[in-house]
file upload_13.tsv (TSV, C-alpha atoms)
chain	number	residue	atom	x	y	z
M	1	MET	CA	-84.66	-9.51	56.38
M	2	THR	CA	-83.44	-13.12	56.42
M	3	THR	CA	-80.75	-14.63	54.22
M	4	MET	CA	-80.98	-17.87	52.27
M	5	SER	CA	-78.35	-20.15	50.79
M	6	LEU	CA	-75.39	-17.84	51.03
M	7	ARG	CA	-72.26	-18.58	49.02
M	8	PRO	CA	-70.39	-15.33	48.40
M	9	ARG	CA	-67.63	-15.12	45.83
M	10	ALA	CA	-64.44	-14.13	47.62
M	11	GLY	CA	-63.17	-10.68	46.76
M	12	ALA	CA	-65.97	-9.95	44.29
M	13	THR	CA	-67.62	-6.57	43.95
M	14	ARG	CA	-70.01	-5.10	41.71
M	15	PRO	CA	-73.58	-2.20	39.43
M	16	HIS	CA	-82.72	10.75	43.80
M	17	ARG	CA	-83.94	11.70	46.34
M	18	ARG	CA	-87.23	11.67	44.51
M	19	VAL	CA	-88.54	9.33	41.81
M	20	ALA	CA	-89.00	11.31	38.63
M	21	ALA	CA	-91.42	10.49	35.86
M	22	TRP	CA	-89.69	8.51	33.09
M	23	ARG	CA	-89.23	10.30	29.80
M	24	PRO	CA	-87.83	8.53	26.73
M	25	LEU	CA	-84.82	10.13	25.06
M	26	GLY	CA	-85.29	10.40	21.31
M	27	ARG	CA	-81.58	11.03	20.80
M	28	VAL	CA	-78.43	11.48	22.80
M	29	VAL	CA	-78.40	15.02	24.24
M	30	PRO	CA	-75.48	17.12	22.97
M	31	TRP	CA	-72.89	17.72	25.64
M	32	ALA	CA	-73.52	21.43	26.02
M	33	ALA	CA	-77.25	20.90	26.53
M	34	ALA	CA	-76.55	18.04	28.92
M	35	ALA	CA	-74.31	20.27	31.00
M	36	ALA	CA	-77.00	22.92	31.19
M	37	LEU	CA	-79.47	20.37	32.51
M	38	LEU	CA	-77.21	18.93	35.21
M	39	ALA	CA	-78.39	21.22	37.98
M	40	ALA	CA	-81.95	20.04	37.40
M	41	CYS	CA	-80.76	16.43	37.68
M	42	SER	CA	-79.14	16.97	41.07
M	43	GLY	CA	-80.96	15.87	44.19
M	44	PRO	CA	-82.00	18.44	46.80
M	45	GLY	CA	-79.28	19.44	49.22
M	46	ALA	CA	-79.17	17.79	52.62
M	47	ASP	CA	-75.85	17.96	54.43
M	48	VAL	CA	-73.53	19.72	52.02
M	49	SER	CA	-69.82	19.45	52.70
M	50	ALA	CA	-66.94	20.61	50.51
M	51	PRO	CA	-64.68	17.79	49.30
M	52	ALA	CA	-60.99	18.04	50.12
M	53	GLN	CA	-59.69	18.67	46.62
M	54	THR	CA	-56.25	19.80	45.59
M	55	PRO	CA	-56.77	23.19	43.87
M	56	ILE	CA	-55.99	23.20	40.16
M	57	ALA	CA	-55.58	25.94	37.60
M	58	ALA	CA	-57.92	26.20	34.64
M	59	GLY	CA	-56.56	24.27	31.70
M	60	THR	CA	-57.42	21.67	29.08
M	61	VAL	CA	-58.47	18.03	29.22
M	62	LYS	CA	-56.68	15.77	26.79
M	63	SER	CA	-57.09	12.37	28.48
M	64	VAL	CA	-59.52	10.78	30.94
M	65	ALA	CA	-59.30	7.33	32.53
M	66	VAL	CA	-62.55	5.54	33.33
M	67	VAL	CA	-62.10	2.67	35.80
M	68	THR	CA	-65.17	0.64	36.80
M	69	HIS	CA	-65.96	-2.57	38.64
M	70	GLY	CA	-67.80	-4.07	35.65
M	71	SER	CA	-67.49	-7.74	34.83
M	72	PRO	CA	-66.29	-8.78	31.33
M	73	GLY	CA	-69.15	-8.81	28.84
M	74	ASP	CA	-71.63	-7.17	31.22
M	75	ALA	CA	-74.23	-5.40	29.07
M	76	PHE	CA	-74.76	-2.69	31.69
M	77	TRP	CA	-71.13	-1.60	31.73
M	78	ASN	CA	-70.86	-1.80	27.95
M	79	VAL	CA	-73.44	1.00	27.82
M	80	VAL	CA	-71.46	3.05	30.37
M	81	LYS	CA	-68.36	2.58	28.21
M	82	ASN	CA	-70.31	3.61	25.11
M	83	GLY	CA	-71.39	6.82	26.84
M	84	ALA	CA	-67.88	7.72	28.00
M	85	GLU	CA	-66.36	7.05	24.59
M	86	ALA	CA	-69.08	9.01	22.79
M	87	ALA	CA	-68.48	12.01	25.07
M	88	GLY	CA	-64.76	11.75	24.43
M	89	LYS	CA	-65.35	11.77	20.68
M	90	ASP	CA	-67.74	14.73	20.92
M	91	LEU	CA	-65.29	16.75	23.03
M	92	GLY	CA	-62.02	15.66	21.45
M	93	ILE	CA	-60.83	13.92	24.63
M	94	ARG	CA	-58.98	10.60	24.68
M	95	VAL	CA	-60.97	8.26	26.93
M	96	GLU	CA	-59.43	5.00	28.13
M	97	TYR	CA	-61.87	2.56	29.72
M	98	ASN	CA	-60.74	-0.27	32.00
M	99	ALA	CA	-62.65	-2.49	34.39
M	100	SER	CA	-62.18	-5.22	36.96
M	101	GLY	CA	-64.60	-6.91	39.33
M	102	ASP	CA	-61.71	-7.49	41.74
M	103	PRO	CA	-61.29	-4.43	44.01
M	104	GLY	CA	-57.54	-4.93	44.36
M	105	GLN	CA	-57.10	-4.99	40.60
M	106	GLN	CA	-59.38	-2.01	40.19
M	107	ALA	CA	-57.20	-0.06	42.64
M	108	LYS	CA	-54.13	-0.94	40.54
M	109	LEU	CA	-55.87	0.32	37.40
M	110	ILE	CA	-56.49	3.63	39.16
M	111	ASP	CA	-52.86	3.80	40.28
M	112	ASN	CA	-51.72	3.16	36.70
M	113	ALA	CA	-53.89	6.01	35.43
M	114	VAL	CA	-52.44	8.36	38.05
M	115	ALA	CA	-48.90	7.31	37.10
M	116	GLN	CA	-49.69	8.09	33.45
M	117	GLY	CA	-50.73	11.62	34.43
M	118	VAL	CA	-54.27	11.63	33.04
M	119	ASP	CA	-56.19	14.91	33.16
M	120	GLY	CA	-59.26	13.40	34.81
M	121	LEU	CA	-60.46	10.20	36.45
M	122	VAL	CA	-63.89	8.54	36.54
M	123	VAL	CA	-64.32	5.72	39.06
M	124	SER	CA	-67.16	3.46	40.22
M	125	MET	CA	-66.79	2.39	43.85
M	126	ALA	CA	-68.69	-0.79	44.66
M	127	ASN	CA	-66.11	-1.47	47.37
M	128	PRO	CA	-65.16	2.05	48.52
M	129	GLU	CA	-62.64	1.21	51.22
M	130	ALA	CA	-60.60	-0.92	48.83
M	131	LEU	CA	-60.25	2.09	46.53
M	132	ARG	CA	-59.87	4.86	49.10
M	133	ARG	CA	-56.08	5.08	49.01
M	134	SER	CA	-55.92	5.06	45.21
M	135	VAL	CA	-58.64	7.69	44.77
M	136	GLU	CA	-57.10	9.94	47.41
M	137	LYS	CA	-53.69	9.62	45.71
M	138	ALA	CA	-55.28	10.80	42.45
M	139	VAL	CA	-56.83	13.81	44.18
M	140	ALA	CA	-53.53	14.63	45.91
M	141	ALA	CA	-51.82	14.54	42.50
M	142	GLY	CA	-54.18	17.25	41.26
M	143	ILE	CA	-56.29	14.91	39.12
M	144	PRO	CA	-60.00	15.76	39.43
M	145	VAL	CA	-62.16	12.71	40.18
M	146	VAL	CA	-65.79	11.98	39.35
M	147	THR	CA	-67.33	8.91	40.98
M	148	ILE	CA	-70.16	7.08	39.24
M	149	ASN	CA	-72.74	4.40	39.96
M	150	SER	CA	-71.53	3.21	43.39
M	151	GLY	CA	-69.94	4.87	46.40
M	152	GLU	CA	-72.21	7.91	46.62
M	153	ALA	CA	-71.77	8.23	50.39
M	154	GLU	CA	-67.97	8.14	50.21
M	155	SER	CA	-67.50	10.23	47.06
M	156	ALA	CA	-66.92	13.70	48.57
M	157	GLN	CA	-65.13	12.17	51.55
M	158	PHE	CA	-62.50	10.69	49.24
M	159	GLY	CA	-62.08	14.00	47.38
M	160	ALA	CA	-64.21	13.54	44.25
M	161	PHE	CA	-65.88	16.79	43.19
M	162	VAL	CA	-69.16	15.15	42.15
M	163	HIS	CA	-70.95	11.78	42.03
M	164	VAL	CA	-73.10	10.76	39.05
M	165	GLY	CA	-75.58	7.92	39.55
M	166	GLN	CA	-78.73	7.01	41.38
M	167	SER	CA	-79.35	6.66	45.11
M	168	GLU	CA	-79.43	2.88	45.43
M	169	SER	CA	-81.39	2.92	48.67
M	170	LEU	CA	-84.12	5.17	47.28
M	171	ALA	CA	-84.20	3.23	44.01
M	172	GLY	CA	-84.66	0.03	46.00
M	173	GLN	CA	-87.49	1.63	47.95
M	174	ALA	CA	-89.19	2.70	44.72
M	175	ALA	CA	-88.94	-0.86	43.37
M	176	GLY	CA	-90.31	-2.30	46.61
M	177	LYS	CA	-93.26	0.09	46.52
M	178	ARG	CA	-94.06	-0.95	42.95
M	179	LEU	CA	-94.04	-4.64	43.84
M	180	ALA	CA	-96.24	-3.99	46.88
M	181	ALA	CA	-98.65	-1.95	44.74
M	182	ALA	CA	-98.86	-4.94	42.37
M	183	GLY	CA	-100.32	-6.96	45.25
M	184	ARG	CA	-97.28	-9.13	45.95
M	185	GLY	CA	-96.96	-10.55	49.47
M	186	LYS	CA	-93.39	-11.88	49.88
M	187	MET	CA	-90.30	-10.81	47.98
M	188	LEU	CA	-87.04	-12.60	47.19
M	189	CYS	CA	-84.24	-10.10	46.53
M	190	VAL	CA	-81.32	-11.63	44.61
M	191	ILE	CA	-77.84	-10.20	45.25
M	192	HIS	CA	-75.46	-11.14	42.45
M	193	GLU	CA	-72.12	-9.93	43.85
M	194	ALA	CA	-70.77	-10.35	47.36
M	195	GLY	CA	-69.30	-7.20	48.89
M	196	ASN	CA	-71.09	-4.81	46.52
M	197	ILE	CA	-72.33	-1.98	48.71
M	198	GLY	CA	-74.78	-0.77	46.06
M	199	ALA	CA	-76.45	-4.18	45.76
M	200	ASN	CA	-76.91	-4.38	49.51
M	201	GLU	CA	-78.40	-0.88	49.55
M	202	ARG	CA	-80.86	-1.83	46.80
M	203	CYS	CA	-82.11	-4.87	48.66
M	204	ALA	CA	-82.27	-3.02	51.98
M	205	GLY	CA	-84.29	-0.22	50.39
M	206	ALA	CA	-86.65	-2.64	48.63
M	207	THR	CA	-87.19	-4.57	51.86
M	208	LYS	CA	-87.88	-1.35	53.79
M	209	ALA	CA	-90.60	-0.36	51.34
M	210	PHE	CA	-92.00	-3.83	50.68
M	211	GLY	CA	-91.91	-5.41	54.13
M	212	ASN	CA	-91.93	-9.20	53.99
M	213	ALA	CA	-88.72	-10.15	52.17
M	214	THR	CA	-85.74	-12.47	52.10
M	215	THR	CA	-82.42	-12.27	50.26
M	216	LEU	CA	-80.48	-14.78	48.22
M	217	GLN	CA	-76.79	-14.56	47.31
M	218	VAL	CA	-75.76	-15.82	43.87
M	219	ASP	CA	-72.69	-15.42	41.68
M	220	ILE	CA	-73.17	-13.47	38.45
M	221	ASN	CA	-70.18	-15.33	36.98
M	222	ASN	CA	-71.98	-18.66	37.38
M	223	PRO	CA	-75.38	-18.07	35.74
M	224	THR	CA	-76.41	-21.74	35.72
M	225	ASP	CA	-75.90	-22.01	39.45
M	226	ALA	CA	-77.65	-18.67	39.99
M	227	GLN	CA	-80.72	-19.96	38.17
M	228	SER	CA	-80.63	-23.19	40.18
M	229	ARG	CA	-80.44	-21.30	43.47
M	230	ILE	CA	-83.37	-19.04	42.59
M	231	LYS	CA	-85.41	-22.06	41.55
M	232	GLY	CA	-84.51	-23.81	44.81
M	233	ALA	CA	-85.57	-20.81	46.88
M	234	LEU	CA	-88.95	-20.69	45.12
M	235	GLU	CA	-89.51	-24.41	45.57
M	236	ALA	CA	-88.57	-24.21	49.24
M	237	ASP	CA	-90.95	-21.32	49.98
M	238	HIS	CA	-94.15	-21.24	47.94
M	239	SER	CA	-95.22	-18.00	49.63
M	240	ILE	CA	-92.64	-16.06	47.59
M	241	ASP	CA	-94.61	-14.30	44.87
M	242	ALA	CA	-92.13	-11.60	43.84
M	243	VAL	CA	-88.51	-11.86	42.72
M	244	LEU	CA	-86.38	-8.74	42.45
M	245	THR	CA	-83.03	-9.06	40.68
M	246	LEU	CA	-80.41	-6.31	40.73
M	247	ASN	CA	-78.85	-7.00	37.35
M	248	SER	CA	-80.31	-7.45	33.87
M	249	GLN	CA	-78.36	-10.66	33.16
M	250	VAL	CA	-79.60	-12.27	36.37
M	251	ALA	CA	-83.15	-11.22	35.48
M	252	ALA	CA	-83.25	-13.65	32.54
M	253	ARG	CA	-82.14	-16.47	34.86
M	254	ALA	CA	-84.83	-15.53	37.36
M	255	VAL	CA	-87.51	-15.67	34.66
M	256	ASP	CA	-86.36	-19.18	33.70
M	257	ALA	CA	-86.18	-20.22	37.37
M	258	VAL	CA	-89.77	-19.12	37.96
M	259	ARG	CA	-90.89	-21.16	34.96
M	260	GLU	CA	-88.94	-24.25	36.03
M	261	ALA	CA	-90.24	-24.02	39.61
M	262	ARG	CA	-93.78	-23.61	38.27
M	263	SER	CA	-94.09	-20.55	40.47
M	264	ALA	CA	-96.57	-17.73	40.00
M	265	ALA	CA	-94.04	-15.17	41.24
M	266	SER	CA	-93.70	-11.87	39.39
M	267	VAL	CA	-90.17	-10.90	38.40
M	268	ALA	CA	-88.78	-7.35	38.33
M	269	THR	CA	-85.23	-6.16	37.85
M	270	PHE	CA	-82.78	-3.33	37.89
M	271	ASP	CA	-81.27	-2.24	34.56
M	272	LEU	CA	-81.98	-2.91	30.91
M	273	ASN	CA	-80.65	-5.12	28.14
M	274	PRO	CA	-82.33	-6.60	25.02
M	275	ASP	CA	-83.48	-9.72	26.93
M	276	VAL	CA	-85.13	-7.56	29.59
M	277	VAL	CA	-86.89	-5.51	26.91
M	278	GLU	CA	-88.29	-8.64	25.26
M	279	ALA	CA	-89.31	-10.15	28.61
M	280	ILE	CA	-91.23	-6.98	29.53
M	281	ARG	CA	-92.95	-7.03	26.14
M	282	ALA	CA	-93.90	-10.68	26.63
M	283	GLY	CA	-95.21	-10.09	30.16
M	284	ARG	CA	-92.54	-12.24	31.82
M	285	LEU	CA	-91.03	-9.23	33.60
M	286	LEU	CA	-93.14	-6.73	35.49
M	287	PHE	CA	-90.75	-3.77	35.18
M	288	ALA	CA	-87.13	-2.67	35.10
M	289	VAL	CA	-85.57	0.09	37.18
M	290	ASP	CA	-83.65	2.24	34.69
M	291	GLN	CA	-80.71	4.29	36.01
M	292	GLN	CA	-79.77	5.48	32.51
M	293	GLN	CA	-76.19	4.27	32.69
M	294	TYR	CA	-75.26	5.88	29.38
M	295	GLU	CA	-75.42	9.16	31.28
M	296	GLN	CA	-73.09	7.72	33.92
M	297	GLY	CA	-70.49	7.36	31.20
M	298	TYR	CA	-71.23	10.50	29.17
M	299	LEU	CA	-71.84	13.16	31.81
M	300	PRO	CA	-68.60	12.71	33.82
M	301	ILE	CA	-66.52	13.51	30.71
M	302	VAL	CA	-68.57	16.69	30.24
M	303	LEU	CA	-68.16	17.58	33.91
M	304	LEU	CA	-64.40	17.04	33.83
M	305	ARG	CA	-64.14	19.24	30.73
M	306	LEU	CA	-66.10	22.03	32.43
M	307	TYR	CA	-64.16	21.67	35.67
M	308	ARG	CA	-60.72	21.69	34.06
M	309	SER	CA	-61.47	24.43	31.51
M	310	ASN	CA	-63.74	26.71	33.56
M	311	LEU	CA	-63.58	25.45	37.17
M	312	ASN	CA	-67.31	24.67	37.07
M	313	THR	CA	-68.96	22.32	39.55
M	314	VAL	CA	-72.55	21.09	39.85
M	315	GLY	CA	-74.75	19.69	42.58
M	316	GLY	CA	-73.51	21.79	45.47
M	317	GLY	CA	-72.20	18.69	47.23
M	318	THR	CA	-75.13	16.45	46.31
M	319	PRO	CA	-75.12	13.75	43.59
M	320	VAL	CA	-76.25	14.25	40.01
M	321	GLN	CA	-79.07	11.72	39.82
M	322	THR	CA	-79.51	9.63	36.67
M	323	GLY	CA	-82.39	7.58	38.07
M	324	PRO	CA	-84.45	5.80	39.02
M	325	GLY	CA	-86.83	5.70	36.11
M	326	PHE	CA	-89.07	2.75	35.27
M	327	VAL	CA	-89.59	0.81	32.07
M	328	ASP	CA	-92.68	-1.38	31.82
M	329	LYS	CA	-95.18	-2.40	29.18
M	330	SER	CA	-96.44	1.18	28.87
M	331	ASN	CA	-93.15	2.60	27.60
M	332	VAL	CA	-90.88	-0.31	26.63
M	333	GLY	CA	-91.53	0.27	22.94
M	334	ALA	CA	-90.05	3.76	23.16
M	335	VAL	CA	-86.68	2.57	24.49
M	336	ALA	CA	-86.33	-0.77	22.70
M	337	ALA	CA	-84.38	0.63	19.74
M	338	LEU	CA	-82.15	2.69	22.08
M	339	VAL	CA	-81.31	-0.41	24.10
M	340	ALA	CA	-80.45	-2.23	20.89
M	341	GLN	CA	-78.06	0.54	19.81
M	342	GLY	CA	-76.30	0.50	23.18
M	343	THR	CA	-77.35	3.86	24.59
M	344	ARG	CA	-79.97	2.70	27.12
call {"tool": "encode", "arguments": {"input": "upload_13.tsv", "output": "structure tokens"}}
result
Amino acid sequence: MTTMSLRPRAGATRPHRRVAAWRPLGRVVPWAAAAALLAACSGPGADVSAPAQTPIAAGTVKSVAVVTHGSPGDAFWNVVKNGAEAAGKDLGIRVEYNASGDPGQQAKLIDNAVAQGVDGLVVSMANPEALRRSVEKAVAAGIPVVTINSGEAESAQFGAFVHVGQSESLAGQAAGKRLAAAGRGKMLCVIHEAGNIGANERCAGATKAFGNATTLQVDINNPTDAQSRIKGALEADHSIDAVLTLNSQVAARAVDAVREARSAASVATFDLNPDVVEAIRAGRLLFAVDQQQYEQGYLPIVLLRLYRSNLNTVGGGTPVQTGPGFVDKSNVGAVAALVAQGTR
């Protein structure tokens, strides 16, 4: 895999063992039913190791801090926040959501939550090593931790009792296989945040499955420049006939870049937002990889409630998988209204 036109943003981070058939959700699953289904969502066990948790006594959960690496205004993380807050409302738990794309600032937000004595902590780890000390301090203080979205490999190692998300490497492989099956010959994989371990895993997995691929680094916080860089890559290499973006906001820029470059490349993306839905309907996007991020917000609150009140765990040391699923022209109509209401 070669790299084109790199210009990483200093300090920035970012967003199953088997691909399951996609099934639309007609409504948000009540928390009790969701908890009952968690074991079925967990991937098969491989190397199972017990996390080094500080034992706690059964009790109640009154407050949970959710600290993610989301960027301000990011539609993906807004859905995660919606899920966490909805679970808090359903369970009578105060949920405080904070986010920062800067790993140092994210670590401080975790430290603040620990100092406030929250009953549970939910953390996304796009840059795991930058958060290690803060997460381990939370565990040592007797605060149960659930990791979400990123940092699957480090989750148990840092002391979290479960990880909720999708395997980024396997999701990338599934996307690469889909693009190859569509008859594409060369792929451009667009990484939108420097230092984001999950983004790198997605591209590496897609390249492994697809074969002939190159990567391009852009900055999600500079969408105009991102579009210009994608356009430039397409104009410089006319053999590129597939573009895979790792973020729904970047997907729209890629669609415009393809049009401006007068390229015949197909565009696919990770994650959903209203623009992605409309682009799939219009045939400008081939598909979107859906990791059902609402579940990444909702389920951890349920899991913390069960763990604190009944000492329940799920997964047996393996992650609870929320994806990947796929949304394309065949099923986009079923999820469009859910995306609009902020639950998909």
call {"tool": "residues_around", "arguments": {"input": "upload_13.tsv", "residues": "Ser263 of chain M", "least_positions_apart": "6", "cutoff": "8 Å", "atoms": "only C-alpha atoms", "output": "ChimeraX atom specification"}}
result
/M:234-235,238,241
call {"tool": "write_last_selection", "arguments": {"input": "upload_13.tsv", "atoms": "C-alpha atoms", "output": "PDB file, keeping the file's coordinate frame"}}
result
ATOM      1  CA  LEU M 234     -88.950 -20.690  45.120  1.00  0.00           C
ATOM      2  CA  GLU M 235     -89.510 -24.410  45.570  1.00  0.00           C
ATOM      3  CA  HIS M 238     -94.150 -21.240  47.940  1.00  0.00           C
ATOM      4  CA  ASP M 241     -94.610 -14.300  44.870  1.00  0.00           C
TER       5      ASP M 241
END
call {"tool": "residues_around", "arguments": {"input": "upload_13.tsv", "residues": "Phe76 of chain M", "least_positions_apart": "3", "cutoff": "8 Å", "atoms": "all atoms listed in the file", "output": "VMD selection string"}}
result
chain M and resid 15 79 to 80 248 271 to 273 293
call {"tool": "atom_distance", "arguments": {"input": "upload_13.tsv", "atom1": "atom CA of Arg253 of chain M", "atom2": "atom CA of Gly283 of chain M"}}
result
15.3 Å
call {"tool": "closest_residue", "arguments": {"input": "upload_13.tsv", "among": "M:Ala86, M:Leu285, M:Val190, M:Val335", "to": "Asp219 of chain M", "atoms": "only C-alpha atoms"}}
result
M:Val190
call {"tool": "closest_residue", "arguments": {"input": "upload_13.tsv", "among": "M:Ile143, M:Val277, M:Val123, M:Ala242", "to": "Ala337 of chain M", "atoms": "only C-alpha atoms"}}
result
M:Val277
call {"tool": "closest_residue", "arguments": {"input": "upload_13.tsv", "among": "M:Ile220, M:Lys81, M:Gly159, M:Lys137", "to": "Gly101 of chain M", "atoms": "all atoms listed in the file"}}
result
M:Ile220
call {"tool": "atom_distance", "arguments": {"input": "upload_13.tsv", "atom1": "atom CA of Thr214 of chain M", "atom2": "atom CA of Arg229 of chain M"}}
result
13.4 Å
call {"tool": "residues_around", "arguments": {"input": "upload_13.tsv", "residues": "Asn82 of chain M", "least_positions_apart": "5", "cutoff": "8 Å", "atoms": "all atoms listed in the file", "output": "PyMOL selection string"}}
result
chain M and resi 294+297+342-343
call {"tool": "atom_distance", "arguments": {"input": "upload_13.tsv", "atom1": "atom CA of Ala209 of chain M", "atom2": "atom CA of Gln321 of chain M"}}
result
20.3 Å
call {"tool": "closest_residue", "arguments": {"input": "upload_13.tsv", "among": "M:Pro274, M:Gly59, M:Pro223, M:Pro128", "to": "Gly333 of chain M", "atoms": "all atoms listed in the file"}}
result
M:Pro274
